[in-house]
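Okay, work.cif now, which holds mmCIF, C-alpha atoms and all ligand atoms:
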data_my_file
#
loop_
_atom_site.label_atom_id
_atom_site.label_comp_id
_atom_site.auth_asym_id
_atom_site.auth_seq_id
_atom_site.Cartn_x
_atom_site.Cartn_y
_atom_site.Cartn_z
CA MET A 26 9.27 -4.42 -27.46
CA ILE A 27 6.56 -2.36 -25.81
CA PRO A 28 3.74 -4.40 -24.22
CA ALA A 29 0.30 -3.74 -25.69
CA PHE A 30 -2.94 -4.58 -23.92
CA LEU A 31 -6.08 -5.53 -25.81
CA VAL A 32 -9.46 -4.82 -24.20
CA LEU A 33 -12.50 -6.67 -25.58
CA ASN A 34 -16.20 -5.97 -25.07
CA ALA A 35 -18.16 -8.66 -26.91
CA GLY A 36 -21.92 -8.28 -27.48
CA SER A 37 -24.51 -10.36 -29.30
CA SER A 38 -23.65 -9.07 -32.78
CA SER A 39 -20.70 -6.79 -32.14
CA LEU A 40 -17.15 -6.84 -30.88
CA LYS A 41 -15.72 -3.61 -29.47
CA PHE A 42 -12.02 -3.43 -28.74
CA GLN A 43 -9.36 -0.99 -27.63
CA VAL A 44 -5.58 -1.28 -27.50
CA PHE A 45 -3.45 0.37 -24.84
CA GLU A 46 0.24 0.72 -24.10
CA PRO A 47 1.78 1.86 -20.82
CA GLY A 48 2.04 5.70 -20.77
CA PRO A 49 5.00 7.58 -19.26
CA ASP A 50 3.41 7.40 -15.78
CA GLY A 51 2.62 3.69 -16.22
CA ALA A 52 -1.11 4.43 -16.67
CA PRO A 53 -2.65 2.88 -19.79
CA ARG A 54 -2.52 5.08 -22.91
CA ARG A 55 -4.94 4.32 -25.76
CA LEU A 56 -3.52 3.41 -29.19
CA TYR A 57 -6.61 2.21 -31.07
CA ARG A 58 -10.33 1.78 -30.61
CA GLY A 59 -12.34 -0.44 -32.93
CA LEU A 60 -15.83 -1.69 -33.54
CA PHE A 61 -16.81 -4.82 -35.44
CA GLU A 62 -20.56 -4.60 -36.10
CA GLY A 63 -23.08 -6.76 -37.92
CA LEU A 64 -21.49 -10.11 -37.05
CA GLY A 65 -23.34 -12.97 -38.69
CA ASP A 66 -25.10 -10.52 -41.02
CA ALA A 67 -23.04 -7.72 -42.60
CA PRO A 68 -19.69 -7.57 -40.77
CA HIS A 69 -18.14 -4.13 -40.74
CA LEU A 70 -14.89 -3.22 -38.99
CA VAL A 71 -13.90 0.36 -38.21
CA VAL A 72 -10.71 1.16 -36.30
CA ARG A 73 -9.61 4.63 -35.15
CA ASP A 74 -6.29 5.75 -33.74
CA ASN A 75 -5.90 7.81 -30.59
CA THR A 76 -6.60 11.05 -32.49
CA GLY A 77 -9.94 9.67 -33.72
CA ALA A 78 -8.72 9.27 -37.33
CA VAL A 79 -10.11 6.20 -39.12
CA VAL A 80 -7.24 3.78 -39.83
CA ALA A 81 -9.35 0.83 -41.04
CA ASP A 82 -12.80 0.59 -42.60
CA GLU A 83 -13.51 -2.92 -43.92
CA ARG A 84 -16.74 -4.58 -44.99
CA LEU A 85 -16.36 -8.35 -44.98
CA ASP A 86 -18.17 -11.14 -46.70
CA SER A 87 -20.90 -12.27 -44.31
CA GLY A 88 -20.57 -15.98 -45.24
CA GLY A 89 -19.83 -17.73 -41.94
CA PHE A 90 -18.27 -14.63 -40.41
CA GLY A 91 -19.15 -14.77 -36.71
CA HIS A 92 -17.48 -13.87 -33.43
CA GLU A 93 -14.55 -16.28 -33.84
CA GLU A 94 -13.70 -14.99 -37.32
CA ALA A 95 -14.06 -11.39 -36.12
CA LEU A 96 -11.74 -11.97 -33.18
CA LEU A 97 -9.08 -13.66 -35.29
CA HIS A 98 -9.42 -10.91 -37.90
CA VAL A 99 -8.82 -8.30 -35.19
CA ALA A 100 -5.80 -10.28 -33.92
CA ASP A 101 -4.39 -10.38 -37.49
CA TRP A 102 -5.06 -6.69 -37.96
CA LEU A 103 -3.25 -5.88 -34.74
CA MET A 104 -0.27 -8.08 -35.65
CA ALA A 105 -0.03 -6.30 -39.03
CA HIS A 106 -0.24 -2.85 -37.44
CA ARG A 107 2.00 -3.23 -34.41
CA SER A 108 4.93 -0.88 -34.33
CA GLY A 109 7.41 -2.19 -31.81
CA HIS A 110 4.61 -3.70 -29.69
CA ARG A 111 3.93 -7.20 -28.48
CA LEU A 112 0.51 -8.31 -27.35
CA ALA A 113 1.06 -8.81 -23.63
CA ALA A 114 -2.44 -9.56 -22.35
CA VAL A 115 -6.15 -9.36 -23.11
CA GLY A 116 -8.80 -7.94 -20.79
CA HIS A 117 -12.50 -8.74 -21.13
CA ARG A 118 -15.63 -6.98 -20.04
CA VAL A 119 -17.70 -9.72 -18.40
CA VAL A 120 -21.14 -8.76 -17.23
CA HIS A 121 -21.43 -11.14 -14.29
CA GLY A 122 -18.83 -12.01 -11.69
CA GLY A 123 -21.33 -13.37 -9.16
CA MET A 124 -20.67 -13.05 -5.43
CA ALA A 125 -17.09 -14.30 -5.71
CA HIS A 126 -15.52 -11.39 -7.58
CA ALA A 127 -15.16 -7.94 -6.07
CA GLY A 128 -12.41 -7.00 -8.56
CA PRO A 129 -10.68 -8.13 -11.74
CA VAL A 130 -9.32 -11.68 -11.95
CA ARG A 131 -6.79 -13.51 -14.08
CA ILE A 132 -8.54 -16.25 -16.00
CA ASP A 133 -7.64 -19.90 -15.58
CA ASP A 134 -9.68 -23.07 -16.07
CA ALA A 135 -11.33 -22.85 -12.66
CA VAL A 136 -12.27 -19.17 -13.08
CA LEU A 137 -13.68 -19.80 -16.55
CA ALA A 138 -15.74 -22.76 -15.31
CA ALA A 139 -17.11 -20.64 -12.46
CA LEU A 140 -18.04 -17.83 -14.86
CA GLU A 141 -19.83 -20.33 -17.10
CA ARG A 142 -21.94 -21.40 -14.14
CA LEU A 143 -23.20 -17.79 -13.95
CA VAL A 144 -24.74 -17.94 -17.46
CA PRO A 145 -28.26 -18.55 -16.05
CA LEU A 146 -27.97 -15.25 -14.15
CA ALA A 147 -27.20 -13.27 -17.34
CA PRO A 148 -28.25 -15.50 -20.24
CA LEU A 149 -28.35 -12.71 -22.83
CA HIS A 150 -24.90 -11.27 -22.10
CA GLN A 151 -22.57 -13.72 -20.30
CA PRO A 152 -22.24 -16.29 -23.16
CA HIS A 153 -21.10 -13.56 -25.59
CA ASN A 154 -18.58 -12.25 -23.05
CA LEU A 155 -17.09 -15.71 -22.42
CA GLU A 156 -16.83 -16.87 -26.03
CA PRO A 157 -13.76 -14.75 -26.93
CA ILE A 158 -12.03 -15.95 -23.76
CA ARG A 159 -12.44 -19.57 -24.86
CA ILE A 160 -11.35 -18.83 -28.43
CA LEU A 161 -8.20 -17.01 -27.30
CA ARG A 162 -7.31 -19.75 -24.79
CA ARG A 163 -7.51 -22.25 -27.63
CA GLN A 164 -5.53 -20.16 -30.13
CA PHE A 165 -3.01 -18.54 -27.74
CA PRO A 166 -2.82 -20.72 -24.60
CA ASP A 167 0.03 -18.68 -23.07
CA LEU A 168 -1.62 -15.30 -23.51
CA PRO A 169 -2.68 -13.93 -20.09
CA GLN A 170 -6.35 -13.01 -19.95
CA VAL A 171 -8.16 -10.95 -17.32
CA ALA A 172 -11.89 -10.62 -16.66
CA CYS A 173 -13.33 -7.34 -15.36
CA PHE A 174 -16.91 -7.44 -14.15
CA ASP A 175 -19.89 -5.09 -14.27
CA THR A 176 -21.02 -6.48 -10.92
CA ALA A 177 -17.72 -6.29 -8.98
CA PHE A 178 -17.89 -2.66 -7.89
CA HIS A 179 -21.14 -3.31 -6.01
CA ARG A 180 -19.90 -6.25 -3.94
CA GLY A 181 -18.94 -4.01 -1.05
CA GLN A 182 -22.56 -2.87 -0.60
CA PRO A 183 -24.18 -3.52 2.78
CA GLU A 184 -25.74 -6.99 2.84
CA ILE A 185 -29.19 -5.49 3.29
CA ALA A 186 -28.87 -3.54 0.02
CA GLN A 187 -28.22 -6.83 -1.82
CA LEU A 188 -31.13 -8.86 -0.42
CA PHE A 189 -34.57 -9.57 -1.86
CA ALA A 190 -37.37 -10.40 0.56
CA LEU A 191 -37.50 -13.98 -0.74
CA PRO A 192 -37.26 -17.32 1.05
CA VAL A 193 -33.72 -18.18 2.11
CA GLU A 194 -33.55 -21.20 -0.21
CA VAL A 195 -34.08 -18.90 -3.21
CA ALA A 196 -31.45 -16.42 -2.03
CA ASP A 197 -29.09 -19.38 -1.54
CA LEU A 198 -29.38 -20.08 -5.29
CA GLY A 199 -27.87 -16.64 -5.96
CA VAL A 200 -31.13 -14.73 -6.39
CA ARG A 201 -30.07 -11.37 -4.97
CA ARG A 202 -29.28 -7.85 -6.11
CA TYR A 203 -25.92 -7.73 -7.92
CA GLY A 204 -25.98 -4.36 -9.70
CA PHE A 205 -24.30 -3.59 -13.03
CA HIS A 206 -22.48 -0.76 -14.91
CA GLY A 207 -19.82 -1.14 -12.19
CA LEU A 208 -16.88 -0.41 -14.52
CA SER A 209 -18.47 2.91 -15.42
CA TYR A 210 -19.16 3.78 -11.77
CA ALA A 211 -15.63 2.79 -10.75
CA PHE A 212 -14.25 5.06 -13.48
CA ILE A 213 -16.36 7.98 -12.23
CA ALA A 214 -15.33 7.32 -8.60
CA ASP A 215 -11.64 7.32 -9.64
CA HIS A 216 -12.16 10.46 -11.72
CA LEU A 217 -13.75 12.31 -8.78
CA ALA A 218 -10.96 11.16 -6.45
CA ALA A 219 -8.42 12.67 -8.87
CA THR A 220 -10.28 15.90 -9.71
CA ASP A 221 -12.44 16.73 -6.67
CA PRO A 222 -11.19 14.81 -3.62
CA ALA A 223 -13.59 16.59 -1.24
CA LEU A 224 -16.65 15.59 -3.28
CA ALA A 225 -15.23 12.09 -3.81
CA GLN A 226 -15.32 11.67 -0.03
CA GLY A 227 -18.98 12.71 0.06
CA ARG A 228 -22.38 11.35 -1.04
CA VAL A 229 -22.72 11.24 -4.82
CA VAL A 230 -25.37 9.77 -7.11
CA VAL A 231 -24.08 8.78 -10.56
CA ALA A 232 -26.54 8.39 -13.45
CA HIS A 233 -25.23 6.13 -16.22
CA LEU A 234 -27.78 6.88 -18.94
CA GLY A 235 -27.18 5.06 -22.21
CA ASN A 236 -29.06 2.30 -23.99
CA GLY A 237 -28.74 0.55 -20.65
CA ALA A 238 -29.36 2.91 -17.75
CA SER A 239 -28.92 2.84 -14.00
CA LEU A 240 -28.13 5.02 -11.00
CA CYS A 241 -25.57 4.30 -8.31
CA ALA A 242 -25.16 5.84 -4.85
CA LEU A 243 -21.51 6.41 -3.91
CA ASP A 244 -20.52 7.08 -0.33
CA GLY A 245 -16.85 8.03 -0.12
CA GLY A 246 -16.32 6.48 -3.56
CA ARG A 247 -17.90 3.12 -2.68
CA SER A 248 -21.17 1.78 -4.06
CA VAL A 249 -23.81 1.54 -1.33
CA ALA A 250 -26.92 1.06 -3.51
CA THR A 251 -27.83 0.86 -7.20
CA THR A 252 -30.99 0.60 -9.29
CA MET A 253 -30.17 -2.56 -11.24
CA GLY A 254 -30.60 -5.73 -9.23
CA PHE A 255 -30.59 -9.43 -10.08
CA SER A 256 -30.35 -8.56 -13.76
CA ALA A 257 -29.72 -5.59 -16.02
CA LEU A 258 -33.50 -5.42 -16.54
CA ASP A 259 -34.21 -3.74 -13.20
CA GLY A 260 -34.43 -0.09 -12.19
CA LEU A 261 -34.84 2.66 -14.77
CA PRO A 262 -36.67 2.21 -18.07
CA MET A 263 -33.99 1.90 -20.80
CA GLY A 264 -33.74 1.96 -24.59
CA THR A 265 -35.60 -1.34 -24.98
CA ARG A 266 -35.75 -2.73 -21.40
CA CYS A 267 -38.67 -2.11 -19.06
CA GLY A 268 -36.85 -1.39 -15.79
CA SER A 269 -38.55 -2.12 -12.45
CA LEU A 270 -41.75 -4.05 -12.83
CA ASP A 271 -44.28 -5.47 -10.43
CA ALA A 272 -43.41 -9.18 -10.58
CA ALA A 273 -47.11 -9.96 -11.04
CA VAL A 274 -46.91 -8.42 -14.53
CA VAL A 275 -44.77 -11.40 -15.56
CA PHE A 276 -47.48 -13.82 -14.42
CA PHE A 277 -50.01 -11.80 -16.44
CA LEU A 278 -47.82 -12.08 -19.57
CA LEU A 279 -47.50 -15.84 -19.10
CA ARG A 280 -51.04 -16.67 -18.00
CA GLU A 281 -53.33 -14.12 -19.63
CA MET A 282 -51.33 -13.29 -22.76
CA ARG A 283 -50.09 -16.89 -22.98
CA LEU A 284 -46.52 -15.89 -23.81
CA THR A 285 -43.81 -18.47 -23.37
CA PRO A 286 -41.13 -17.53 -20.81
CA GLU A 287 -38.76 -16.88 -23.72
CA ALA A 288 -41.25 -14.57 -25.49
CA ALA A 289 -41.95 -12.69 -22.26
CA GLU A 290 -38.22 -12.29 -21.68
CA ARG A 291 -37.74 -10.98 -25.22
CA MET A 292 -40.57 -8.50 -24.75
CA LEU A 293 -39.14 -7.12 -21.50
CA TYR A 294 -35.56 -6.91 -22.80
CA THR A 295 -36.03 -5.86 -26.42
CA ARG A 296 -39.50 -4.32 -26.99
CA SER A 297 -40.07 -2.26 -23.85
CA GLY A 298 -38.54 0.90 -22.39
CA LEU A 299 -38.30 4.00 -24.59
CA LEU A 300 -39.05 1.89 -27.67
CA GLY A 301 -42.11 0.20 -26.18
CA VAL A 302 -43.69 3.37 -24.76
CA SER A 303 -42.99 5.55 -27.82
CA GLY A 304 -43.74 2.85 -30.37
CA LEU A 305 -41.10 4.69 -32.36
CA SER A 306 -37.49 4.30 -31.29
CA ASN A 307 -35.11 3.34 -28.51
CA ASP A 308 -32.86 6.25 -29.47
CA MET A 309 -33.10 9.42 -27.41
CA ARG A 310 -32.03 11.58 -30.35
CA THR A 311 -34.98 10.36 -32.43
CA LEU A 312 -37.40 10.83 -29.52
CA ARG A 313 -36.18 14.38 -28.84
CA ALA A 314 -36.53 15.24 -32.54
CA ARG A 315 -40.14 13.97 -32.57
CA ALA A 316 -41.32 14.93 -29.07
CA ALA A 317 -43.01 18.20 -30.13
CA GLU A 318 -45.43 16.54 -32.55
CA ASP A 319 -45.57 12.93 -31.27
CA PRO A 320 -47.22 12.58 -27.82
CA ARG A 321 -45.96 9.02 -27.40
CA ALA A 322 -42.36 10.13 -27.91
CA ARG A 323 -42.97 12.86 -25.29
CA THR A 324 -44.49 10.33 -22.87
CA ALA A 325 -41.52 7.96 -23.26
CA ILE A 326 -39.10 10.78 -22.37
CA ASP A 327 -41.30 11.98 -19.50
CA LEU A 328 -41.48 8.48 -18.04
CA PHE A 329 -37.68 8.10 -18.29
CA VAL A 330 -37.13 11.42 -16.48
CA TYR A 331 -39.85 10.71 -13.90
CA ARG A 332 -38.34 7.33 -13.04
CA ILE A 333 -34.86 8.84 -12.71
CA GLY A 334 -36.34 11.35 -10.25
CA ARG A 335 -38.09 8.64 -8.22
CA GLU A 336 -34.98 6.44 -8.05
CA LEU A 337 -32.82 9.44 -7.20
CA GLY A 338 -35.03 10.10 -4.17
CA SER A 339 -34.60 6.49 -3.07
CA LEU A 340 -30.80 6.65 -3.38
CA VAL A 341 -30.61 9.99 -1.55
CA ALA A 342 -32.51 8.30 1.28
CA ALA A 343 -30.04 5.39 1.24
CA LEU A 344 -27.16 7.90 1.43
CA GLY A 345 -28.82 10.10 4.04
CA GLY A 346 -28.37 13.18 1.82
CA ILE A 347 -26.57 14.20 -1.33
CA ASP A 348 -23.48 16.31 -2.12
CA GLY A 349 -23.17 15.72 -5.86
CA PHE A 350 -24.80 14.24 -8.96
CA VAL A 351 -22.91 13.01 -12.03
CA PHE A 352 -24.38 12.40 -15.50
CA THR A 353 -22.62 9.95 -17.81
CA GLY A 354 -23.36 7.51 -20.69
CA GLY A 355 -24.58 8.45 -24.18
CA ILE A 356 -27.68 10.32 -22.94
CA GLY A 357 -26.10 11.69 -19.75
CA GLU A 358 -23.10 13.05 -21.62
CA ASN A 359 -24.93 14.45 -24.67
CA ASP A 360 -28.57 15.23 -23.95
CA ALA A 361 -28.72 18.60 -22.20
CA ALA A 362 -32.55 18.47 -22.22
CA THR A 363 -32.66 15.27 -20.16
CA ARG A 364 -30.13 16.68 -17.69
CA ALA A 365 -32.15 19.89 -17.34
CA GLU A 366 -35.43 18.02 -16.80
CA VAL A 367 -33.86 15.71 -14.19
CA LEU A 368 -32.25 18.57 -12.27
CA ARG A 369 -35.37 20.75 -12.34
CA GLY A 370 -37.23 17.79 -10.82
CA ALA A 371 -34.48 17.50 -8.18
CA ALA A 372 -34.78 21.13 -7.03
CA TRP A 373 -36.14 19.71 -3.74
CA ALA A 374 -32.62 18.36 -3.05
CA GLY A 375 -31.12 21.85 -3.58
CA PHE A 376 -29.88 21.55 -7.18
CA ARG A 377 -29.90 24.87 -9.12
CA LEU A 378 -29.39 24.34 -12.85
CA ASP A 379 -26.96 26.61 -14.70
CA GLU A 380 -28.67 26.60 -18.13
CA GLY A 381 -25.68 27.98 -20.02
CA ALA A 382 -23.19 25.56 -18.47
CA ASN A 383 -25.59 22.68 -19.10
CA GLU A 384 -26.04 23.62 -22.78
CA ALA A 385 -22.25 23.87 -23.07
CA GLY A 386 -21.87 20.34 -21.66
CA GLY A 387 -20.38 21.15 -18.26
CA PRO A 388 -18.43 19.79 -16.51
CA GLN A 389 -20.25 21.64 -13.68
CA ILE A 390 -23.87 22.36 -14.63
CA THR A 391 -25.30 23.76 -11.38
CA ARG A 392 -24.46 26.76 -9.22
CA GLY A 393 -25.40 28.14 -5.82
CA PRO A 394 -24.84 26.82 -2.32
CA GLY A 395 -26.54 23.38 -2.63
CA PRO A 396 -25.23 20.11 -4.03
CA GLN A 397 -23.61 20.35 -7.47
CA ALA A 398 -24.14 18.33 -10.65
CA PHE A 399 -21.52 17.43 -13.25
CA VAL A 400 -21.17 15.85 -16.68
CA ILE A 401 -18.29 13.37 -16.78
CA PRO A 402 -17.72 11.13 -19.84
CA THR A 403 -17.24 7.54 -18.73
CA ASP A 404 -14.53 5.20 -20.01
CA GLU A 405 -15.21 1.57 -19.16
CA GLU A 406 -12.39 0.27 -21.37
CA ALA A 407 -9.81 2.45 -19.59
CA MET A 408 -11.09 0.95 -16.34
CA ILE A 409 -10.56 -2.56 -17.74
CA ALA A 410 -7.01 -1.61 -18.78
CA ARG A 411 -6.36 -0.37 -15.22
CA GLY A 412 -7.83 -3.57 -13.80
CA MET A 413 -5.52 -5.64 -16.03
CA ARG A 414 -2.54 -3.73 -14.74
CA GLU A 415 -3.62 -4.39 -11.16
CA VAL A 416 -3.88 -8.14 -11.76
CA LEU A 417 -0.85 -8.57 -14.01
CA ASP A 418 1.65 -6.31 -12.22
CA GLU A 419 2.74 -9.27 -10.11
CA ALA A 420 3.17 -11.74 -12.95
CA PRO A 421 5.82 -11.75 -15.69
CA LEU A 422 4.29 -11.35 -19.16
CA PRO A 423 5.29 -13.84 -21.85
CA ALA A 424 6.04 -12.43 -25.31
CA LEU A 425 3.84 -13.44 -28.22
P1 LIG B 1 -24.76 1.85 -24.69
O1 LIG B 1 -25.49 1.67 -23.40
O2 LIG B 1 -25.23 0.93 -25.78
O3 LIG B 1 -23.25 1.96 -24.55
P2 LIG B 1 -24.64 4.70 -25.19
O4 LIG B 1 -24.00 5.02 -23.88
O5 LIG B 1 -23.84 4.91 -26.44
O6 LIG B 1 -25.28 3.26 -25.22
O7 LIG B 1 -25.97 5.61 -25.28
C1 LIG B 1 -26.86 5.51 -26.34
C2 LIG B 1 -27.95 6.56 -26.12
O8 LIG B 1 -27.33 7.85 -26.08
C3 LIG B 1 -29.00 6.62 -27.22
O9 LIG B 1 -30.29 6.75 -26.65
C4 LIG B 1 -28.66 7.88 -27.97
O10 LIG B 1 -29.78 8.49 -28.54
C5 LIG B 1 -28.12 8.73 -26.85
N1 LIG B 1 -27.33 9.83 -27.42
C6 LIG B 1 -26.13 9.78 -28.01
N2 LIG B 1 -25.78 11.01 -28.48
C7 LIG B 1 -26.80 11.84 -28.14
C8 LIG B 1 -27.04 13.23 -28.33
N3 LIG B 1 -26.17 14.01 -28.95
N4 LIG B 1 -28.21 13.74 -27.85
C9 LIG B 1 -29.12 12.96 -27.23
N5 LIG B 1 -28.93 11.64 -27.02
C10 LIG B 1 -27.80 11.09 -27.46
#

Produce structure tokens that represent the structure in this file.
Ligand code: ADP
Amino acid sequence: MIPAFLVLNAGSSSLKFQVFEPGPDGAPRRLYRGLFEGLGDAPHLVVRDNTGAVVADERLDSGGFGHEEALLHVADWLMAHRSGHRLAAVGHRVVHGGMAHAGPVRIDDAVLAALERLVPLAPLHQPHNLEPIRILRRQFPDLPQVACFDTAFHRGQPEIAQLFALPVEVADLGVRRYGFHGLSYAFIADHLAATDPALAQGRVVVAHLGNGASLCALDGGRSVATTMGFSALDGLPMGTRCGSLDAAVVFFLLREMRLTPEAAERMLYTRSGLLGVSGLSNDMRTLRARAAEDPRARTAIDLFVYRIGRELGSLVAALGGIDGFVFTGGIGENDAATRAEVLRGAAWAGFRLDEGANEAGGPQITRGPGPQAFVIPTDEEAMIARGMREVLDEAPLPAL
């Protein structure tokens, strides 16, 4: 039987999954990708095979259908559709690995308990990521599980890049810059190492621009600085998150607007960013379609691009120069207008946009003697599958 590896990415109302088998070179090869949306409301499962063809499209009765039911439904679906495969292991995207994890880890009771202690550092994401781990441990105690973290890639940053200027006793409680989107940045670093080893050795800024958005400075393929910090709220404005904020704004929300801490948190995470500024949408496609006639949509886009430019300057300073820029994520991969606006603003660093190549989607979208910019689609799930292989290669895999 061929071992199959399940990768899970659990959110507040969705469960994304992918299934891999070992390819001829041992590298993970994708069999299926699926999305379970509308959990707790109108559950809808769509699964595609590796050609992109839809192989399942099921709308389920919402009555009591939450994450546990969705996970077990996916497990049943996989069992019914395996062809000569056995489920060998499950890998999870876990947002926070804290200071302890600079790479993927096999989950046992102690690891799980430690990850639960990190919930206060990522209260909106970590509980959803850990729930499927607990459910699978209960249902399939012998099934190996691996956690891959959004924070891990940044753990090699210089200490000074991870510090806030706060009293030591606060830092000792774990209040420091962790950074996120690390699976995406690790994928891009690996991709550059395989396709452009000279650039991979150099100074590269990667822009992961999706609903969540951040920039990361890579020096020789290692993260040296990033725009997200203690939480995934920091740095760039995002779909619904505010990005960097003067901390005194939070006191204003609490004291003058009399918001509870929970209401202030909801505002900054879910009603700010592109949505808050435009008053219209968190979706770049909608904003682009309306920008000509709606000044607020235009302002939201302009602020997004302006902040990318400002943060880029900061990361170029941290790197001491720049050799390459990579766009990735839903906006970075698809929105040629955002890429063009960012690169025109970065002409000071020597970037010369190639309009035609940019409209065509790259991969290289600049020309001339200066630093070059590229579009590279990210693949966080493939990175999790690689991380699982790293952790599990040593251990024999039980059959299910
Ligand atoms: P997430 O962070 O949730 O994974 P994605 O990486 O899928 O999000 O990015 C979602 C964003 O990508 C949305 O703002 C969406 O409008 C934008 N996007 C996707 N396709 C396009 C496109 N063709 N043109 C412009 N923006 C796009």

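If you look at atom CA of Ala372 of chain A and atom CA of Gln397 of chain A, they are 11.2 Å away from each other.
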
Next on the checklist: ligand LIG 1 (chain B): which residues are within 9 Å, counting all atoms listed in the file? Reply as a count of residues only.
Outcome noted: 29

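With all atoms listed in the file as the atoms that count, the residue of A:Val115, A:Leu224, A:Cys267, A:Ile333 with the shortest distance to Gln170 of chain A is A:Val115.
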
Checklist entry - Pick from A:Arg280, A:Gln151, A:Ile158, A:Cys173: nearest to Val130 of chain A, with only C-alpha atoms counted? => result A:Cys173

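Atom CA of Ala242 of chain A lies 6.9 Å from atom CA of Leu344 of chain A.
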
Next on the checklist: I'd like the interatomic distance between atom CA of Gly338 of chain A and atom CA of Leu240 of chain A, to a tenth of an Å.
Outcome noted: 11.0 Å

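In this comparison, which uses only C-alpha atoms, the residue of A:Val171, A:Leu368, A:Leu208, A:Ala398 approaching Phe30 of chain A most closely is A:Val171.
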
Please write out, as AutoDock Vina command-line options, where the centre of an axis-aligned box around all listed atoms of segment 167-183 of chain A lies and how long its edges are, in Å to one decimal, after adding 3 Å on each side.
--center_x -12.1 --center_y -10.7 --center_z -10.4 --size_x 30.2 --size_y 22.0 --size_z 32.3

Next on the checklist: Residues within 6 Å of segment 268-275 of chain A, please, as a ChimeraX atom specification. Count all atoms listed in the file; anything in the same chain fewer than 5 positions from it doesn't count.
Outcome noted: /A:258-262

Checklist entry - From the set A:Gly412, A:Pro396, A:Ala139, A:Leu149, which residue has the shortest atom-to-atom contact distance to Ala177 of chain A, counting all atoms listed in the file? => result A:Gly412

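Each of A:Ala289, A:Ala382, A:Ile347, A:Ala322 was compared to Asp244 of chain A using all atoms listed in the file, and A:Ile347 turns out to be the nearest.
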
Checklist entry - Using all atoms listed in the file, which residue out of A:Phe61, A:Tyr331, A:Phe350, A:Phe42 lies closest to Ala225 of chain A? => result A:Phe350

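Within a radius of 8 Å around (-17.5, -17.7, -7.4), the polymer residues are Gly122, Gly123, Met124, Ala125, His126, Val136, Ala139 and Leu140 of chain A, counting all atoms listed in the file.
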
Show me a table, sorted first by chain and then by increasing residue number, of the residues of segment 143-245 of chain A having an atom at most 10 Å from segment 93-112 of chain A, each with its shortest atom pair and the distance in Å to one decimal, counting all atoms listed in the file and written as JSON lines.
{"residue": "A:Glu156", "atom": "CA", "partner": "A:Glu93", "partner_atom": "CA", "distance": 8.2}
{"residue": "A:Pro157", "atom": "CA", "partner": "A:Glu93", "partner_atom": "CA", "distance": 7.1}
{"residue": "A:Arg159", "atom": "CA", "partner": "A:Glu93", "partner_atom": "CA", "distance": 9.8}
{"residue": "A:Ile160", "atom": "CA", "partner": "A:Glu93", "partner_atom": "CA", "distance": 6.8}
{"residue": "A:Leu161", "atom": "CA", "partner": "A:Leu96", "partner_atom": "CA", "distance": 8.5}
{"residue": "A:Gln164", "atom": "CA", "partner": "A:Leu97", "partner_atom": "CA", "distance": 9.0}
{"residue": "A:Leu168", "atom": "CA", "partner": "A:Leu112", "partner_atom": "CA", "distance": 8.3}
{"residue": "A:Pro169", "atom": "CA", "partner": "A:Leu112", "partner_atom": "CA", "distance": 9.7}

Next on the checklist: Taking 3 positions as the minimum chain separation for residues in the same chain, which residues sit within 12 Å of Pro47 of chain A when counting only C-alpha atoms? Answer as a VMD selection string.
Outcome noted: chain A and resid 26 to 31 44 50 to 56 110 113 407 410 to 411 413 to 414 418

Checklist entry - Which residues, written as JSON, numbers by chain, have at least one atom at most 10 Å from Glu415 of chain A, with all atoms listed in the file counted and residues fewer than 6 positions away on the same chain left out? => result {"A": [128, 129, 130, 409]}
